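To be precise, the following lines are entry_9.pdb, and they hold PDB, C-alpha atoms.
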```
MODEL        1
ATOM      1  CA  MET A 240       0.000   0.000   0.000
ATOM      2  CA  LEU A 241       2.996   2.311   0.501
ATOM      3  CA  GLU A 242       4.126   1.996  -3.097
ATOM      4  CA  ASN A 243       2.198   5.055  -4.320
ATOM      5  CA  ILE A 244       2.675   7.120  -1.156
ATOM      6  CA  HIS A 245       5.657   9.421  -0.637
ATOM      7  CA  LEU A 246       7.177   9.160   2.840
ATOM      8  CA  SER A 247      10.204  10.903   4.307
ATOM      9  CA  GLY A 248      10.549   8.429   7.159
ATOM     10  CA  HIS A 249       8.962   5.743   9.284
ATOM     11  CA  ALA A 250       9.630   3.904  12.556
ATOM     12  CA  GLY A 251       7.895   0.982  14.226
ATOM     13  CA  ASN A 252       5.906  -1.950  12.856
ATOM     14  CA  ILE A 253       5.545  -1.400   9.088
ATOM     15  CA  ASP A 254       3.256  -4.456   8.890
ATOM     16  CA  LEU A 255       0.466  -2.311  10.390
ATOM     17  CA  ILE A 256       0.070  -0.859   6.877
ATOM     18  CA  ASP A 257      -1.611  -4.149   5.904
ATOM     19  CA  TYR A 258      -4.262  -3.911   8.644
ATOM     20  CA  PRO A 259      -7.789  -2.621   7.930
ATOM     21  CA  HIS A 260      -7.622   1.059   8.880
ATOM     22  CA  ILE A 261      -9.926   3.505  10.621
ATOM     23  CA  THR A 262      -8.671   7.068  10.225
ATOM     24  CA  PHE A 263      -9.407   9.593  12.965
ATOM     25  CA  LEU A 264      -9.538  13.247  11.860
ATOM     26  CA  CYS A 265     -10.276  16.261  14.024
ATOM     27  CA  SER A 266     -10.011  20.031  13.714
ATOM     28  CA  ARG A 267      -7.247  21.692  15.668
ATOM     29  CA  ILE A 268      -9.906  23.946  17.222
ATOM     30  CA  VAL A 269     -12.482  21.965  19.220
ATOM     31  CA  PRO A 270     -15.243  23.357  21.486
ATOM     32  CA  SER A 271     -14.821  21.941  24.985
ATOM     33  CA  SER A 272     -18.447  20.769  24.910
ATOM     34  CA  HIS A 273     -17.465  18.182  22.262
ATOM     35  CA  ILE A 274     -14.283  16.833  23.870
ATOM     36  CA  SER A 275     -16.041  14.273  26.091
ATOM     37  CA  SER A 276     -17.737  12.658  23.054
ATOM     38  CA  ILE A 277     -14.423  12.395  21.210
ATOM     39  CA  LEU A 278     -12.489  10.944  24.163
ATOM     40  CA  GLY A 279     -15.416   8.634  24.971
ATOM     41  CA  TRP A 280     -15.056   7.084  21.518
ATOM     42  CA  ALA A 281     -11.288   6.557  21.939
ATOM     43  CA  GLN A 282     -11.546   5.237  25.492
ATOM     44  CA  GLY A 283     -14.289   2.794  24.455
ATOM     45  CA  PHE A 284     -12.480   1.414  21.397
ATOM     46  CA  PHE A 285     -10.983  -2.043  22.027
ATOM     47  CA  ASP A 286     -11.014  -3.647  18.548
ATOM     48  CA  ASN A 287      -7.391  -4.715  17.961
ATOM     49  CA  SER A 288      -8.274  -6.237  14.582
ATOM     50  CA  HIS A 289      -8.362  -2.696  13.173
ATOM     51  CA  CYS A 290      -5.585  -0.117  13.172
ATOM     52  CA  ILE A 291      -6.385   3.510  14.000
ATOM     53  CA  VAL A 292      -4.602   6.087  11.846
ATOM     54  CA  CYS A 293      -4.231   9.374  13.702
ATOM     55  CA  GLY A 294      -2.123  12.521  13.964
ATOM     56  CA  CYS A 295      -0.541  13.559  17.251
ATOM     57  CA  GLN A 296       0.164  17.273  17.002
ATOM     58  CA  THR A 297      -2.769  18.741  18.941
ATOM     59  CA  SER A 298      -3.876  18.105  22.513
ATOM     60  CA  ILE A 299      -7.021  16.236  21.428
ATOM     61  CA  GLU A 300      -5.020  13.990  19.067
ATOM     62  CA  PHE A 301      -2.517  13.295  21.834
ATOM     63  CA  GLN A 302      -5.286  12.265  24.236
ATOM     64  CA  VAL A 303      -6.928  10.029  21.607
ATOM     65  CA  VAL A 304      -3.610   8.255  20.890
ATOM     66  CA  LYS A 305      -2.993   7.838  24.622
ATOM     67  CA  ALA A 306      -6.418   6.218  25.159
ATOM     68  CA  LEU A 307      -5.985   3.873  22.196
ATOM     69  CA  LEU A 308      -2.541   2.722  23.335
ATOM     70  CA  ILE A 309      -3.874   2.082  26.855
ATOM     71  CA  ASN A 310      -6.512  -0.144  25.233
ATOM     72  CA  ARG A 311      -3.708  -1.877  23.257
ATOM     73  CA  VAL A 312      -5.258  -0.895  19.933
ATOM     74  CA  PRO A 313      -2.766  -0.848  17.001
ATOM     75  CA  VAL A 314      -2.050   2.761  15.989
ATOM     76  CA  ILE A 315      -0.375   4.519  13.072
ATOM     77  CA  ILE A 316       0.653   8.095  13.913
ATOM     78  CA  VAL A 317       1.177  10.338  10.885
ATOM     79  CA  PHE A 318       3.239  13.514  11.337
ATOM     80  CA  SER A 319       3.121  16.627   9.205
ATOM     81  CA  THR A 320       6.698  17.239  10.399
ATOM     82  CA  SER A 321       9.668  14.936  10.870
ATOM     83  CA  ILE A 322       9.370  12.042  13.316
ATOM     84  CA  PRO A 323      10.541  13.174  16.784
ATOM     85  CA  GLU A 324      13.923  11.821  17.855
ATOM     86  CA  MET A 325      12.651  11.137  21.367
ATOM     87  CA  ILE A 326       9.264   9.526  22.055
ATOM     88  CA  ASP A 327       7.126   8.952  25.151
ATOM     89  CA  GLU A 328       7.712   5.759  27.130
ATOM     90  CA  ASP A 329       4.280   4.318  26.305
ATOM     91  CA  TRP A 330       5.029   4.920  22.614
ATOM     92  CA  ARG A 331       8.359   3.105  22.927
ATOM     93  CA  ILE A 332       6.676   0.132  24.600
ATOM     94  CA  ALA A 333       4.024   0.031  21.852
ATOM     95  CA  VAL A 334       6.739   0.131  19.172
ATOM     96  CA  ASP A 335       8.626  -2.716  20.894
ATOM     97  CA  GLU A 336       5.404  -4.755  21.041
ATOM     98  CA  GLY A 337       4.588  -4.085  17.375
ATOM     99  CA  ARG A 338       1.462  -2.004  18.131
ATOM    100  CA  LEU A 339       2.679   1.337  16.793
ATOM    101  CA  LEU A 340       3.973   2.754  13.504
ATOM    102  CA  LEU A 341       5.201   6.338  13.064
ATOM    103  CA  LEU A 342       5.044   7.862   9.574
ATOM    104  CA  SER A 343       6.238  11.214   8.234
ATOM    105  CA  GLN A 344       5.799  12.893   4.863
ATOM    106  CA  ASN A 345       7.801  15.989   5.705
ATOM    107  CA  GLU A 346      11.261  16.600   7.187
ATOM    108  CA  ASN A 347      10.443  20.175   8.249
ATOM    109  CA  GLU A 348      10.386  20.921  11.975
ATOM    110  CA  ASN A 349       7.693  23.608  11.753
ATOM    111  CA  PRO A 350       4.286  22.437  10.496
ATOM    112  CA  THR A 351       2.543  24.454   7.775
ATOM    113  CA  ASN A 352      -1.074  24.419   6.678
ATOM    114  CA  GLU A 353      -0.027  22.672   3.447
ATOM    115  CA  ALA A 354       1.752  19.990   5.501
ATOM    116  CA  TYR A 355      -1.396  19.399   7.570
ATOM    117  CA  LEU A 356      -3.444  18.986   4.386
ATOM    118  CA  GLU A 357      -0.885  16.533   2.954
ATOM    119  CA  ARG A 358      -0.923  14.596   6.206
ATOM    120  CA  ASN A 359      -4.743  14.381   6.146
ATOM    121  CA  THR A 360      -4.647  13.254   2.508
ATOM    122  CA  LEU A 361      -2.311  10.372   3.395
ATOM    123  CA  MET A 362      -4.520   9.393   6.339
ATOM    124  CA  ILE A 363      -7.626   9.433   4.134
ATOM    125  CA  GLU A 364      -5.887   7.312   1.472
ATOM    126  CA  LEU A 365      -5.101   4.685   4.112
ATOM    127  CA  ALA A 366      -8.671   4.616   5.450
ATOM    128  CA  GLU A 367     -11.354   2.002   4.999
ATOM    129  CA  GLN A 368     -13.427   4.013   7.454
ATOM    130  CA  ILE A 369     -13.087   7.656   8.540
ATOM    131  CA  VAL A 370     -14.116   8.958  11.963
ATOM    132  CA  VAL A 371     -14.298  12.757  12.331
ATOM    133  CA  GLY A 372     -14.067  13.941  15.925
ATOM    134  CA  TYR A 373     -15.087  17.503  15.096
ATOM    135  CA  CYS A 374     -14.883  19.805  12.099
ATOM    136  CA  THR A 375     -16.319  23.161  11.125
ATOM    137  CA  ARG A 376     -18.590  23.754   8.176
ATOM    138  CA  GLY A 377     -16.449  24.695   5.176
ATOM    139  CA  GLY A 378     -13.185  23.877   6.985
ATOM    140  CA  ASN A 379     -10.295  21.837   5.597
ATOM    141  CA  ILE A 380     -11.464  18.504   7.002
ATOM    142  CA  ALA A 381     -15.058  19.075   5.900
ATOM    143  CA  ARG A 382     -13.861  19.714   2.345
ATOM    144  CA  GLN A 383     -11.498  16.729   2.335
ATOM    145  CA  VAL A 384     -14.181  14.208   3.386
ATOM    146  CA  GLN A 385     -17.004  15.753   1.372
ATOM    147  CA  GLY A 386     -18.865  13.193  -0.750
ATOM    148  CA  ARG A 387     -17.260  10.152   0.874
ATOM    149  CA  LYS A 388     -19.593   7.360   2.007
ATOM    150  CA  ASN A 389     -17.341   5.929   4.716
ATOM    151  CA  VAL A 390     -17.397   8.908   7.136
ATOM    152  CA  THR A 391     -18.795   8.935  10.677
ATOM    153  CA  PHE A 392     -19.097  12.203  12.633
ATOM    154  CA  LEU A 393     -18.750  11.851  16.401
ATOM    155  CA  THR A 394     -20.119  15.343  17.092
ATOM    156  CA  SER A 395     -22.376  17.805  15.318
ATOM    157  CA  TYR A 396     -21.123  19.114  11.999
ATOM    158  CA  SER A 397     -21.572  22.816  12.661
ATOM    159  CA  GLU A 398     -20.247  26.302  12.990
ATOM    160  CA  TYR A 399     -18.601  27.194  16.308
ATOM    161  CA  ASP A 400     -21.094  27.227  19.126
ATOM    162  CA  ASN A 401     -21.198  29.907  21.818
ATOM    163  CA  SER A 402     -19.652  27.756  24.529
ATOM    164  CA  ASP A 403     -16.023  27.444  25.523
ATOM    165  CA  HIS A 404     -13.946  26.812  22.389
ATOM    166  CA  THR A 405     -10.358  27.033  21.193
ATOM    167  CA  LEU A 406      -9.287  30.065  19.167
ATOM    168  CA  TRP A 407      -5.649  29.070  18.576
ATOM    169  CA  SER A 408      -3.627  25.919  19.169
ATOM    170  CA  ARG A 409       0.019  24.921  18.823
ATOM    171  CA  SER A 410       2.182  22.009  19.982
ATOM    172  CA  HIS A 411       5.926  21.580  20.468
ATOM    173  CA  ARG A 412       7.899  18.383  21.008
ATOM    174  CA  MET A 413      10.368  18.900  23.886
ATOM    175  CA  SER A 414      13.922  17.573  24.086
ATOM    176  CA  ASP A 415      12.927  15.296  27.001
ATOM    177  CA  GLY A 416      10.435  13.457  24.772
ATOM    178  CA  GLY A 417       7.319  15.155  26.135
ATOM    179  CA  THR A 418       5.022  17.505  24.235
ATOM    180  CA  VAL A 419       3.861  20.999  25.207
ATOM    181  CA  PHE A 420       0.445  22.161  24.005
ATOM    182  CA  ILE A 421      -0.589  25.830  24.078
ATOM    183  CA  ASN A 422      -4.269  26.588  23.491
ATOM    184  CA  LEU A 423      -6.017  29.960  23.577
ATOM    185  CA  HIS A 424      -9.661  29.499  24.572
ATOM    186  CA  SER A 425     -12.702  31.759  24.382
ATOM    187  CA  LEU A 426     -15.365  31.426  27.072
ATOM    188  CA  ASN A 427     -18.814  32.206  25.666
ATOM    189  CA  ARG A 428     -17.122  34.552  23.164
ATOM    190  CA  GLN A 429     -16.617  37.118  25.954
ATOM    191  CA  SER A 430     -13.329  36.375  27.716
ATOM    192  CA  THR A 431     -10.237  34.368  26.827
ATOM    193  CA  TYR A 432      -7.819  32.228  28.792
ATOM    194  CA  LEU A 433      -4.606  30.355  28.002
ATOM    195  CA  GLU A 434      -4.204  26.625  28.604
ATOM    196  CA  VAL A 435      -0.623  25.338  28.761
ATOM    197  CA  SER A 436      -0.335  21.540  28.955
ATOM    198  CA  LYS A 437       2.567  19.115  28.929
ATOM    199  CA  SER A 438       2.841  15.371  28.573
ATOM    200  CA  PHE A 439       5.560  13.660  30.596
ATOM    201  CA  PHE A 440       6.547  10.163  31.647
ATOM    202  CA  SER A 441       5.865   9.471  35.335
ATOM    203  CA  THR A 442       8.490   7.277  37.008
ATOM    204  CA  GLU A 443       5.934   6.477  39.740
ATOM    205  CA  SER A 444       3.065   5.220  37.580
ATOM    206  CA  HIS A 445       5.315   4.230  34.630
ATOM    207  CA  LYS A 446       2.810   5.908  32.344
ATOM    208  CA  THR A 447       2.624   9.108  30.353
ATOM    209  CA  GLU A 448       0.843  11.758  32.445
ATOM    210  CA  TYR A 449      -0.750  14.990  31.331
ATOM    211  CA  THR A 450      -0.756  18.219  33.341
ATOM    212  CA  SER A 451      -2.242  21.644  32.574
ATOM    213  CA  ILE A 452      -2.236  25.197  33.905
ATOM    214  CA  TYR A 453      -4.788  27.867  33.048
ATOM    215  CA  ILE A 454      -3.966  31.576  32.763
ATOM    216  CA  PRO A 455      -6.899  34.037  32.733
ATOM    217  CA  GLN A 456      -7.107  36.840  30.195
ATOM    218  CA  ASP A 457      -5.994  39.585  32.613
ATOM    219  CA  ASP A 458      -2.790  37.697  33.437
ATOM    220  CA  ILE A 459      -1.745  36.634  29.930
ATOM    221  CA  GLU A 460       0.123  39.879  29.186
ATOM    222  CA  SER A 461       1.975  39.890  32.517
ATOM    223  CA  ILE A 462       2.997  36.243  31.985
ATOM    224  CA  ASN A 463       4.251  37.188  28.523
ATOM    225  CA  ASN A 464       6.320  40.007  30.043
ATOM    226  CA  LEU A 465       7.818  37.589  32.574
ATOM    227  CA  LEU A 466       8.752  35.167  29.804
ATOM    228  CA  SER A 467      10.324  38.016  27.814
ATOM    229  CA  ASP A 468      12.363  39.032  30.882
ATOM    230  CA  ALA A 469      13.499  35.438  31.434
ATOM    231  CA  LEU A 470      14.566  35.048  27.802
ATOM    232  CA  PHE A 471      16.426  38.386  27.915
ATOM    233  CA  TYR A 472      18.243  37.338  31.099
ATOM    234  CA  GLN A 473      19.146  33.978  29.573
ATOM    235  CA  ARG A 474      20.594  35.630  26.458
ATOM    236  CA  GLU A 475      22.517  38.247  28.471
ATOM    237  CA  HIS A 476      23.834  35.680  30.949
ATOM    238  CA  LYS A 477      24.967  33.413  28.108
ATOM    239  CA  SER A 478      26.669  36.357  26.365
ATOM    240  CA  ARG A 479      28.516  37.325  29.543
ATOM    241  CA  LEU A 480      29.720  33.764  30.132
ATOM    242  CA  GLU A 481      30.862  33.400  26.541
ATOM    243  CA  TYR A 482      32.639  36.765  26.650
ATOM    244  CA  SER A 483      34.364  35.899  29.915
ATOM    245  CA  LYS A 484      35.690  32.688  28.344
ATOM    246  CA  TYR A 485      36.765  34.704  25.311
ATOM    247  CA  CYS A 486      38.741  37.118  27.461
ATOM    248  CA  GLN A 487      40.447  34.300  29.307
ATOM    249  CA  SER A 488      41.625  32.658  26.087
ATOM    250  CA  HIS A 489      42.768  35.756  24.127
ATOM    251  CA  THR A 490      45.438  38.423  24.432
ATOM    252  CA  PRO A 491      44.985  41.595  26.559
ATOM    253  CA  LYS A 492      43.743  43.334  23.392
ATOM    254  CA  ALA A 493      40.382  41.735  24.182
ATOM    255  CA  ALA A 494      39.521  44.859  26.191
ATOM    256  CA  GLU A 495      39.427  46.868  22.969
ATOM    257  CA  GLU A 496      36.518  44.700  21.846
ATOM    258  CA  LEU A 497      34.303  45.090  24.906
ATOM    259  CA  MET A 498      30.619  44.607  24.175
ATOM    260  CA  PRO A 499      28.421  47.680  24.834
ATOM    261  CA  TRP A 500      26.909  46.290  28.031
ATOM    262  CA  GLU A 501      30.452  45.824  29.434
ATOM    263  CA  ASP A 502      31.041  49.591  29.681
ATOM    264  CA  ASP A 503      30.002  49.470  33.337
ATOM    265  CA  VAL A 504      32.642  46.776  33.934
ATOM    266  CA  ARG A 505      35.335  49.009  32.375
ATOM    267  CA  VAL A 506      34.351  51.948  34.607
ATOM    268  CA  LYS A 507      34.155  49.785  37.728
ATOM    269  CA  ILE A 508      37.627  48.283  37.125
ATOM    270  CA  VAL A 509      39.246  51.709  36.754
ATOM    271  CA  GLN A 510      37.411  53.048  39.810
ATOM    272  CA  MET A 511      38.416  50.135  42.039
ATOM    273  CA  TYR A 512      42.028  50.310  40.868
ATOM    274  CA  HIS A 513      42.212  54.048  41.703
ATOM    275  CA  GLU A 514      40.810  53.207  45.135
ATOM    276  CA  GLY A 515      43.854  51.011  45.729
ATOM    277  CA  ILE A 516      42.240  47.618  45.336
ATOM    278  CA  SER A 517      44.610  45.014  43.943
ATOM    279  CA  LYS A 518      44.120  43.585  40.470
ATOM    280  CA  GLU A 519      43.682  40.092  41.939
ATOM    281  CA  LYS A 520      40.858  41.229  44.219
ATOM    282  CA  ILE A 521      39.220  43.197  41.386
ATOM    283  CA  ALA A 522      39.287  40.078  39.208
ATOM    284  CA  MET A 523      37.772  38.013  42.019
ATOM    285  CA  ASN A 524      35.058  40.561  42.947
ATOM    286  CA  LEU A 525      33.951  41.215  39.358
ATOM    287  CA  ASN A 526      34.504  37.649  38.120
ATOM    288  CA  VAL A 527      36.603  38.805  35.161
ATOM    289  CA  SER A 528      39.987  37.703  33.845
ATOM    290  CA  ARG A 529      43.299  39.289  34.918
ATOM    291  CA  ASP A 530      44.131  39.835  31.213
ATOM    292  CA  LEU A 531      40.991  41.940  30.840
ATOM    293  CA  ILE A 532      41.970  44.104  33.827
ATOM    294  CA  ASP A 533      45.524  44.614  32.521
ATOM    295  CA  SER A 534      44.188  45.502  29.096
ATOM    296  CA  ILE A 535      41.658  48.058  30.376
ATOM    297  CA  LEU A 536      44.147  49.687  32.743
ATOM    298  CA  GLY A 537      46.724  49.747  29.938
ATOM    299  CA  LEU A 538      44.285  51.666  27.708
ATOM    300  CA  GLU A 539      43.678  54.150  30.533
ATOM    301  CA  ALA A 540      47.396  54.848  31.073
TER     302      ALA A 540
ENDMDL
END
```

So that I can check it, write out the structure of this file as structure tokens.
Amino acid sequence: MLENIHLSGHAGNIDLIDYPHITFLCSRIVPSSHISSILGWAQGFFDNSHCIVCGCQTSIEFQVVKALLINRVPVIIVFSTSIPEMIDEDWRIAVDEGRLLLLSQNENENPTNEAYLERNTLMIELAEQIVVGYCTRGGNIARQVQGRKNVTFLTSYSEYDNSDHTLWSRSHRMSDGGTVFINLHSLNRQSTYLEVSKSFFSTESHKTEYTSIYIPQDDIESINNLLSDALFYQREHKSRLEYSKYCQSHTPKAAEELMPWEDDVRVKIVQMYHEGISKEKIAMNLNVSRDLIDSILGLEA
């Protein structure tokens, strides 16, 4: 079946391609009122004679895959990006037991709308049956399954309702193998809040757990400012460490190439030296190299 399908990579049990397939599709934006119906389907599915084809780049897809693997249902996960180098522990176990196949059509790290459409096309081509968790009227999924006879809708095929629903959703695979999901929700189209979730492997339960925090609308901007401050500090701290190493490994002329934010260091060194403090103590107090001190004082002479 893979002969006419372009793939950039795969990992796991390739024999799952020969199973009868049920493809699960779902919009990235899902009203919270529909989530229980979608997860109820996944949690109640125990037919291991069929293989579920699913993505895993939104929080709802992640939860569906998790439920299916708990039920030991064979799963094919199709990525619109490259296959992650590190995977969750329950995924690794499923791969080892031949219950999981990972497929990728695209080596890019950042998913695009075109990549999502290509991923859905592959999933539809593999399907004997298609199950749609939720889609909006006129949306990408609705257009892709239009006219097909083998489609089942788990929830109402509609416009957005006025309840709590997701305005924006992104996911990011972390270096530790977990996944972070960031969703911006609207509550009754009046106020918004941010949901930040992360999957992680619990050493206590030996299972993949899922934790979330919720940030109300009034606090989103202040949280953003805190993150900006943290990133700025990280960049500045890294620059200072790198520059300190540079000074320690180069000639005294390094002082002529001081970065702009090091002007205060130059002034402080000269001031302390004029106050009679030894070069050794200056170097220790300011955590700078002796070569840098000699170079700056030499320029002042």

- Query: Looking at all atoms listed in the file, which of A:His260, A:Lys388, A:His249, A:His513 is the one that sits closest to A:Pro313?
  - Reply: A:His260

- Note on the structure: If you count all atoms listed in the file, the residue of A:Phe263, A:Leu278, A:Thr320, A:Thr418 closest to A:Ile363 turns out to be A:Phe263

- Item | Distance in Å - atom CA of A:Ser319 versus atom CA of A:Leu470 |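 Value for the atom CA of A:Ser319-atom CA of A:Leu470 distance: 28.6 Å.
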
Given 6 Å on each side, where is the centre and what are the edge lengths in Å to one decimal of the axis-aligned box enclosing the listed atoms of stretch 279-289 of chain A, as JSON?
```
{"center_x": -11.4, "center_y": 1.2, "center_z": 19.3, "size_x": 20.0, "size_y": 26.9, "size_z": 24.3}
```

- Query: How would you write, as an MDAnalysis selection string, the residues chosen by the PyMOL selection byres ((chain A and resi 259) around 8) on this structure?
  - Reply: chainID A and resid 257:258 260:261 288:290 366:367

- Message: Please determine, counting only C-alpha atoms, which residue among A:Arg529, A:Arg412, A:Arg376, A:Lys518 has the shortest atom-to-atom distance to A:Ile322.
- Response: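 Result for the nearest residue to A:Ile322: A:Arg412.
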